[in-house]
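K.L.:
Here's a structure for you.
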2 protein chains.
Amino acid sequence: MTAALLTPIALHDGRIRVVIENIRPSVDGGRFPVKRVVGESLVVEADCFADGHDVIVCELLWRRAGADAWTRQRMQALGNDRWRAVRVVESLGDWQYTVQAWVDPFLSWRHDFERRIDLDDVRVAAKGGAALIEQAAARAGSGAEAGLLMAWAAELKAALAAEASLEALKALGLDELRGQMAQRHPDQQHRLVHHPVHPVTVERERARFSSWYEFFPRSAAGDGVRHGSFTDCEAWLPYVQRMGFDVLYFPPIHPVGRDRRKGRNNSLQTVVDDVGSPWAVGAAEGGHDAILSELGTLDDFKRLIGRAHDHGMEIALDIAFQCAPDHPWVKDHPQWFKARADGSIQYAENPPKKYQDIYPLDFESPQWQDLWLALAGVFEYWAGQGVRIFRVDNPHTKAFGFWEWAIARVRAQFPDVIFLSEAFTRPRVMHRLAKVGFSQSYTYFSWRNTKQELTAYFTELSQGPGREYFRPNAWPNTPDILPAALQYGGRPMFMARVALAATLAANYGIYGPAFELQEHLPLREGGEEYLDSEKFQLRAWDRERPDSLADFIGRLNQVRRDNPALQSDAGLRFLDIDNEQMIAYAKTSPDLSNIVVCVVNLDPHHAQSGWLEFDPEALGMQPQQAYQMHDAISGAHYLWQGPRNFVSLDPQRCPVHLMQLRRRMRRESDFDYFL
Amino acid sequence: MTAALLTPIALHDGRIRVVIENIRPSVDGGRFPVKRVVGESLVVEADCFADGHDVIVCELLWRRAGADAWTRQRMQALGNDRWRAVRVVESLGDWQYTVQAWVDPFLSWRHDFERRIDLDDVRVAAKGGAALIEQAAARAGSGAEAGLLMAWAAELKAALAAEASLEALKALGLDELRGQMAQRHPDQQHRLVHHPVHPVTVERERARFSSWYEFFPRSAAGDGVRHGSFTDCEAWLPYVQRMGFDVLYFPPIHPVGRDRRKGRNNSLQTVVDDVGSPWAVGAAEGGHDAILSELGTLDDFKRLIGRAHDHGMEIALDIAFQCAPDHPWVKDHPQWFKARADGSIQYAENPPKKYQDIYPLDFESPQWQDLWLALAGVFEYWAGQGVRIFRVDNPHTKAFGFWEWAIARVRAQFPDVIFLSEAFTRPRVMHRLAKVGFSQSYTYFSWRNTKQELTAYFTELSQGPGREYFRPNAWPNTPDILPAALQYGGRPMFMARVALAATLAANYGIYGPAFELQEHLPLREGGEEYLDSEKFQLRAWDRERPDSLADFIGRLNQVRRDNPALQSDAGLRFLDIDNEQMIAYAKTSPDLSNIVVCVVNLDPHHAQSGWLEFDPEALGMQPQQAYQMHDAISGAHYLWQGPRNFVSLDPQRCPVHLMQLRRRMRRESDFDYFL
């Protein structure tokens with residue numbers, strides 16, 4: 001045994017006896033931020049304790065990232081060494097929190113003093129207390145409280161000198177108001193601040209609650225022959241506004257590559273007027289910061305942004321970091337792409353599949369720093385033109401480190417920017433993208449159809465560990481995904497799917513007008529690609545068609561706007577209903593003032609009915625009290641009583657109940673069931 | 001916006017695309033060690049993935065703490081981006097592990113090459129592959145494999161030049177043996193090593209599996225009049241050995257304070273021959289490194305250690321860091337104690353209760369470093385005399401930081417030392433003590449009586465997050481705790497409680513001979529203190545009493561030694577039995593070769609019976625195959641069949657079945673039920 005084997009005494013002060021553990025919320029121990037939007041609460045909890053039975057004080061520390069000073073807030077003991085503080089997050093940007101705690105000599109003294117019953121003990125303790133109060137006075141400096149505390153200590157000493165009674169000494173020493181004053185100047189010399197500190201990203205409300213409408217401007221002219229423009233899009237704004245969407249999302253608006261352009265229905269052959277895929281970004285005239293001339297000018301685009309704003313909508317752009325072979329970067333920065341062994345540039349492939357119209361960027365390029373700057377520059381450019389929402393195409397094929405850096409960089413300049421991750425891939429990859437900064441994430445909703453699938457998946461999304469950073473955005477269809485259910489389920493299935501998306505997830509979207517016009521023919525039997533997809537051609541859409549679901553969708557979005565319960569994901573609880581074809585769930589607002597019960601018939605062919613379990617007592621009502629359920633879709637009112645009520649839905653009329661509960665509360669604490 | 005707002009490009013290489021997350025096991029993210037004993041397996045898992053579809057390689061890194069170099073071991077993909085490696089821990093001490101991963105260019109190339117179907121593609125890819133093989137050869141240095149790899153690359157290039165067929169090129173490029181050779185020299189330039197690394201403490205087997213017998217040497221003389229000595233203890237060794245215990249644990253053996261000594265039954269008055277409490281440590285003749293003269297000399301003690309060893313037992317000492325008023329430290333180091341406001345030394349108290357015979361040490365002393373060294377010195381001193389197991393009294397009233405430092409310091413010199421934490425306090429405090437280094441921990445077992453309580457508590461202990469660091473040690477009684485159940489339950493309750501302790505927990509102990517002689521009278525009605533407790537007086541124990549449970553306990557300990565299933569905690573699963581007075585559980589060894597089913601009648605007054613659910617199919621047996629249950633307590637054999645079998649226990653005979661399952665396995669993979 002040598003002295004070197006001995007563990008050296010801790011470099012920190014060994015007299016720090018308090019422990020802080022298990023801070024929540026926490027994403028990977030503070031490695032990644034928790035997400036909130038302005039106005040939400042952050043409920044921070046931690047285990048804090050010390051050896052022995054001394055009294056400790058715990059405080060939440062809170063600051064803007066980069067600031068030196070912390071704002072302090074006392075935490076409350078929940079019992080069992082758990083402490084909590086609630087903080088409303090007030091403004092955009094990056095924040096940090098941690099917990100500090102200390103063994104508090106004054107409070108420990110007070111705790112014991114209160115329990116002493118022996119006069120001699122009380123006298124000795126009172127003397128000790130006077131000394132602690134004098135120390136608090138010294139820490140109070142030159143303020144008014146210093147004098148008041150000194151006077152209190154003197155009073156205690158005088159009472160001792162005058163041989164005051166036990167009762168008099170205890171009353172004086174336990175003086176409540178002056179005790180609080182002493183507490184404002186605590187002895188923190190053995191204070192512990194928990195490291196690492198935890199980050200929080202505060203975004204605007206739309207990061208949590210948004211309704212997206214994906215639209216190809218190329219079809220805005222309406223006849224399927226003339227290429228649509230931003231000016232043509234203006235005519236669509238009232239229509240999309242009537243449906244109640246607040247994000248109008250465009251596929252890439254850049255010049256479309258001509259080299260190896262794809263024809264209609266993804267054909268390798270093109271004819272002269274084929275418009276190609278907008279995801280084949282870039283041509284001789286420009287790349288990711290240019291606009292396809294058929295769509296208009298930058299001024300046209302900026303005017304459209306303004307018009308959309310007048311209609312209560314924001315324009316979201318699709319950023320697809322990949323290049324057509326004639327993208328200017330291919331010539332100007334060949335080092336940003338992988339080379340094949342024959343010297344040619346590597347096109348996208350997943351052998352044996354090849355996508356020769358697309359060149360992926362090489363995140364292992366020796367010039368990766370230039371590449372990162374150029375890519376971040378794309379967001380910066382469009383944000384500079386007024387775009388504040390980006391839907392990012394296939395982020396899971398670009399380095400995670402790049403996203404973490406780029407999103408932080410863009411947010412440092414434009415804190416109100418929202419990023420949607422279009423990653424349909426393995427769960428951990430999707431979660432990592434959310435952790436590194438994406439505001440919202442596409443989900444597996446498109447392929448979750450049965451009651452069991454939907455229940456398991458949305459329970460995980462709303463209650464699982466991802467709830468602190470992964471904000472789902474549910475899409476019943478996209479230009480790439482026409483799910484089998486929509487191919488075969490008819491109008492009732494379209495209604496059910498959009499209602500599920502709009503109520504299970506606070507963020508949702510549809511690809512229209514294909515959705516509301518119930519476009520359902522696939523390119524190939526068994527596939528999910530649309531026949532005659534707008535990805536490769538212009539389309540004529542008759543938005544006035546009498547069978548359109550536009551009014552139904554408009555009603556759904558109105559219900560979403562009217563009900564805070566539908567504007568966040570956390571308040572989701574599934575309800576029992578004794579019919580496997582029916583799914584039911586309640587959503588509650590954080591303050592429980594708003595409760596919506598959704599029931600959906602998943603069978604598009606037959607009317608289904610069942611008994612729904614819904615406990616009104618858990619919602620603060622008397623068991624015998626009847627309560628009203630107002631169906632915000634049909635306008636019908638139902639009077640319910642007790643925990644079991646009958647529901648029935650005919651898909652030919654409407655497969656969905658969205659029922660607002662109308663009742664008087666008993667008291668707040670009765671709502672534990674929904675917490 | 002200023003440039004300073006922009007996030008600088010990561011200082012690390014942005015081309016590192018791989019991600020490592022969620023390493024398990026992990027105690028507080030690597031802040032504290034995972035615990036194992038020599039010979040156990042450490043199963044390490046992590047989420048590892050990269051963007052895109054490139055192939056990654058993951059390795060477990062393993063080293064002794066303080067070493068520079070890592071031992072590497074490939075991890076296996078479990079699917080869904082989860083990876084695993086299993087490592088057997090081979091020797092005592094502190095170890096570390098972490099995970100490294102990289103995107104592997106050669107394996108990525110091979111994965112794609114295998115899937116290529118187009119001759120032109122295969123030719124270009126073969127050329128790229130030859131280059132990758134040449135790079136592997138360069139990394140192989142001057143070894144034989146370098147030449148073999150160069151030759152392989154040359155063969156590929158020659159085949160290309162000779163316009164070989166697609167089949168020939170693919171066969172050559174996918175050569176299995178040479179592919180493995182290339183893999184031995186991987187391109188790790190974009191490798192990521194996960195930080196922080198995780199610690200592991202490897203202890204000896206007794207840290208996991210031990211049977212404790214607490215014994216007051218003061219009563220070893222046997223007549224309750226003469227003070228017992230270490231020499232008298234030697235006569236007890238065969239008795240304790242027959243009962244099958246392997247740890248003989250003594251309350252403090254130091255001089256007992258005379259100042260304010262407590263009399264019999266905790267009385268404040270003493271008479272002349274009162275021996276006081278051994279936990280009032282220290283008197284004029286010595287403190288924590290001295291031996292009470294009545295017990296004998298240091299040589300006597302060391303001889304007893306040797307004799308105990310001859311009987312298969314180790315002596316464990318009780319270390320109680322508190323001082324009697326006449327402990328030498330009080331005079332020599334008054335700064336190590338708190339002063340009251342009247343200048344006297346602060347005795348232990350929890351107002352209004354006072355313990356004036358005990359002075360606690362002050363862990364906020366300005367001389368805390370000297371105090372820490374002195375306290376660690378106590379362990380070092382006794383370890384130097386040959387003691388390797390310490391039961392630590394009330395560790396929760398001493399600073400956690402001290403324990404973390406002291407245990408590491410003692411282990412650095414004596415890696416085989418075992419520490420048992422005697423903390424009966426709040427759960428998080430008990431867990432923290434286990435995290436900072438205690439090998440074993442007292443539990444709430446003494447107060448968990450009903451089927452529901454025992455099931456919930458031992459499920460938490462064996463399956464909860466504490467399983468990686470908190471090793472329970474279950475005691476049906478201690479000198480401080482005579483639980484109500486033992487006061488009123490009679491002999492059947494003593495049998496049930498010790499059987500539960502011995503089978504639910506791999507570490508357990510009893511305070512004897514009070515236990516086997518069923519001492520059950522409390523000092524006060526409703527209290528848990530023993531009447532005429534050995535804590536304050538000598539006792540005469542008749543170890544030959546015919547109603548003694550010594551034989552029963554000996555049988556229990558023999559069953560424990562015979563069955564690896566009972567030697568660890570992880571393999572515990574509770575079984576359904578349709579009688580609330582009966583509890584049943586199975587324990588399995590890690591390799592599932594040993595299975596014990598325990599059934600206990602918790603009702604000490606009436607025979608109880610019920611149908612036990614136990615799924616033989618899940619254990620690899622044919623559903624129709626009968627299997628034998630051998631009751632290792634009674635020696636009876638039962639032939640069972642199917643998942644439901646009848647059990648009955650009469651508490652007047654024996655309230656316990658400990659049944660070894662005897663059957664032939666079907667195959668290992670059928671054992672998932674028990675994993």
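We label chains A, B, ... in the order they appear in the structure tokens, count residues from 1 in each chain, and number ligands from 1 in the order shown.
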Do me a favour and pick out the residues of chain A within 6 Å of chain B, using only C-alpha atoms, as a ChimeraX atom specification.

P.N.:
/A:1,5-7,15,17,51-52,112,115-116,124,127-128,341,351-352,364,396-399,409,412-413

K.L.:
What's around Asn579 (chain B) at 9 Å? Count only C-alpha atoms, leave out sequence neighbours fewer than 2 positions away in its own chain, and write the answer as an MDAnalysis selection string.

P.N.:
chainID B and resid 576:577 581:583 608:611

K.L.:
With N, CA, C and O atoms retained, could you export that selection as a JSON list (two decimals), in the first residue's frame?

P.N.:
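Heads up, here's the output in again-v8.json:
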```json
[["chain", "number", "residue", "atom", "x", "y", "z"],
["B", 576, "ASP", "N", -48.65, -16.29, -7.97],
["B", 576, "ASP", "CA", -50.02, -16.16, -7.48],
["B", 576, "ASP", "C", -50.39, -17.36, -6.64],
["B", 576, "ASP", "O", -50.09, -18.51, -6.99],
["B", 577, "ILE", "N", -51.04, -17.06, -5.54],
["B", 577, "ILE", "CA", -51.61, -18.14, -4.73],
["B", 577, "ILE", "C", -52.92, -17.60, -4.16],
["B", 577, "ILE", "O", -52.97, -16.45, -3.71],
["B", 581, "GLN", "N", -53.36, -15.28, 3.14],
["B", 581, "GLN", "CA", -52.45, -15.58, 4.25],
["B", 581, "GLN", "C", -51.20, -16.31, 3.80],
["B", 581, "GLN", "O", -50.32, -16.59, 4.60],
["B", 582, "MET", "N", -51.14, -16.63, 2.51],
["B", 582, "MET", "CA", -49.98, -17.37, 2.02],
["B", 582, "MET", "C", -49.25, -16.53, 0.96],
["B", 582, "MET", "O", -49.87, -15.89, 0.12],
["B", 583, "ILE", "N", -47.93, -16.58, 1.03],
["B", 583, "ILE", "CA", -47.12, -15.89, 0.04],
["B", 583, "ILE", "C", -46.24, -16.94, -0.64],
["B", 583, "ILE", "O", -45.79, -17.89, 0.01],
["B", 608, "GLN", "N", -53.24, -23.14, 6.61],
["B", 608, "GLN", "CA", -53.78, -22.46, 5.43],
["B", 608, "GLN", "C", -53.39, -23.27, 4.20],
["B", 608, "GLN", "O", -52.35, -23.93, 4.19],
["B", 609, "SER", "N", -54.25, -23.23, 3.20],
["B", 609, "SER", "CA", -53.92, -23.94, 1.97],
["B", 609, "SER", "C", -54.40, -23.14, 0.77],
["B", 609, "SER", "O", -55.20, -22.21, 0.93],
["B", 610, "GLY", "N", -53.92, -23.47, -0.39],
["B", 610, "GLY", "CA", -54.33, -22.74, -1.58],
["B", 610, "GLY", "C", -53.77, -23.35, -2.84],
["B", 610, "GLY", "O", -52.97, -24.30, -2.78],
["B", 611, "TRP", "N", -54.21, -22.82, -3.95],
["B", 611, "TRP", "CA", -53.73, -23.25, -5.26],
["B", 611, "TRP", "C", -52.67, -22.27, -5.73],
["B", 611, "TRP", "O", -52.89, -21.07, -5.82]]
```

K.L.:
Give me every strand (DSSP E or B) residue in region 77-283 of chain A, going by DSSP on the backbone, as a ChimeraX atom specification.

P.N.:
/A:77-79,82-88,93-103,192-193,198-203,210-214,247-250,256,263,267,281,283

K.L.:
Fewer than 6 positions away in the same chain doesn't count, so skip those; otherwise give me all residues within 9 Å of Glu519 (chain B), counting only C-alpha atoms, as a PDB file with C-alpha atoms, in the first residue's frame.

P.N.:
```pdb
ATOM      1  CA  LEU B 482     -38.371  -6.642  18.462  1.00  0.00           C
ATOM      2  CA  LEU B 486     -42.555 -11.545  17.006  1.00  0.00           C
ATOM      3  CA  GLN B 487     -44.075 -10.366  20.289  1.00  0.00           C
ATOM      4  CA  PRO B 513     -29.556 -16.150  20.704  1.00  0.00           C
ATOM      5  CA  TYR B 530     -36.435  -5.778  24.282  1.00  0.00           C
TER       6      TYR B 530
END
```

K.L.:
Work out how far CA of Gly30 (chain A) is from CA of Arg64 (chain A), in Å to one decimal.

P.N.:
15.4 Å

K.L.:
I'd like to know which residues of region 221-279 of chain B are helix (DSSP H, G or I) (by DSSP, run on the backbone); could you write them as a ChimeraX atom specification?

P.N.:
/B:230-234,237-243,264-266

K.L.:
Region 238-251 of chain A: which residues within 8 Å, counting only C-alpha atoms, same-chain residues fewer than 4 positions away excluded, as a PyMOL selection string?

P.N.:
chain A and resi 210-217+278-279+311-318+391+550-551+553-555+557-558

K.L.:
Give the answer as one residue: which of A:Ser267, A:Gln188, A:Gln625, A:Gln180 has the shortest atom-to-atom distance to Glu59 (chain A), using only C-alpha atoms?

P.N.:
A:Gln188

K.L.:
If you measure from CA of Arg206 (chain A) to CA of Asn477 (chain A), what distance in Å do you get, rounded to one decimal?

P.N.:
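Pair CA of Arg206 (chain A) / CA of Asn477 (chain A) returns 21.0 Å.
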
K.L.:
CA of Ile319 (chain B) and CA of Gly386 (chain B), how far apart in Å?

P.N.:
14.8 Å

K.L.:
I'd like the neighbourhood of Ala67 (chain A) as a list of chain:residue names, where a residue qualifies if any of its atoms comes within 10 Å (using only C-alpha atoms), though same-chain residues fewer than 5 positions away should be ignored.

P.N.:
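Residues near the query, excluding close chain neighbours: A:Trp62, A:Trp95, A:Gln96.
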
K.L.:
With only C-alpha atoms as the counted atoms, please give the residues lying no more than 8 Å from Glu534 (chain A), apart from itself and same-chain residues fewer than 2 positions off, as a VMD selection string.

P.N.:
chain A and resid 216 219 479 532 536 to 539

K.L.:
With N, CA and C atoms retained, export the selected residues as a compact mmCIF listing (two decimals), in the first residue's frame.

P.N.:
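Generated file (selection-v7.txt):
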```
# COMPACT_ATOMS: atom_id res chain seq x y z
N PHE A 216 -49.19 22.51 -53.10
CA PHE A 216 -48.21 22.73 -54.19
C PHE A 216 -48.57 24.00 -54.95
N SER A 219 -49.77 24.00 -58.66
CA SER A 219 -51.13 23.71 -59.12
C SER A 219 -52.10 24.84 -58.82
N PRO A 479 -47.71 13.99 -49.60
CA PRO A 479 -47.53 13.67 -51.02
C PRO A 479 -46.84 12.32 -51.24
N ASP A 532 -50.64 9.97 -60.45
CA ASP A 532 -50.62 11.34 -60.99
C ASP A 532 -50.25 12.36 -59.90
N PHE A 536 -44.76 15.30 -59.44
CA PHE A 536 -44.16 15.25 -60.78
C PHE A 536 -44.98 15.96 -61.85
N GLN A 537 -46.11 16.54 -61.51
CA GLN A 537 -46.93 17.18 -62.54
C GLN A 537 -47.83 18.21 -61.89
N LEU A 538 -48.44 19.06 -62.71
CA LEU A 538 -49.46 20.00 -62.24
C LEU A 538 -50.78 19.24 -62.11
N ARG A 539 -51.63 19.73 -61.21
CA ARG A 539 -52.96 19.12 -61.08
C ARG A 539 -54.02 20.20 -61.08
```

K.L.:
Residues near Asp569 (chain B), anyone? I mean within 7 Å using only C-alpha atoms, not counting same-chain ones fewer than 4 positions away, as a PyMOL selection string.

P.N.:
chain B and resi 462+505-506

K.L.:
Deliver the residues from the most recent selection as a file, using C-alpha atoms, as a short mmCIF file (atom, residue, chain, number, x, y, z; two decimals), in the first residue's frame.

P.N.:
```cif
data_model
loop_
_atom_site.label_atom_id
_atom_site.label_comp_id
_atom_site.auth_asym_id
_atom_site.auth_seq_id
_atom_site.Cartn_x
_atom_site.Cartn_y
_atom_site.Cartn_z
CA SER B 462 -34.99 -6.88 -6.66
CA ALA B 505 -32.82 -11.69 0.49
CA ALA B 506 -29.44 -13.16 -0.37
#
```
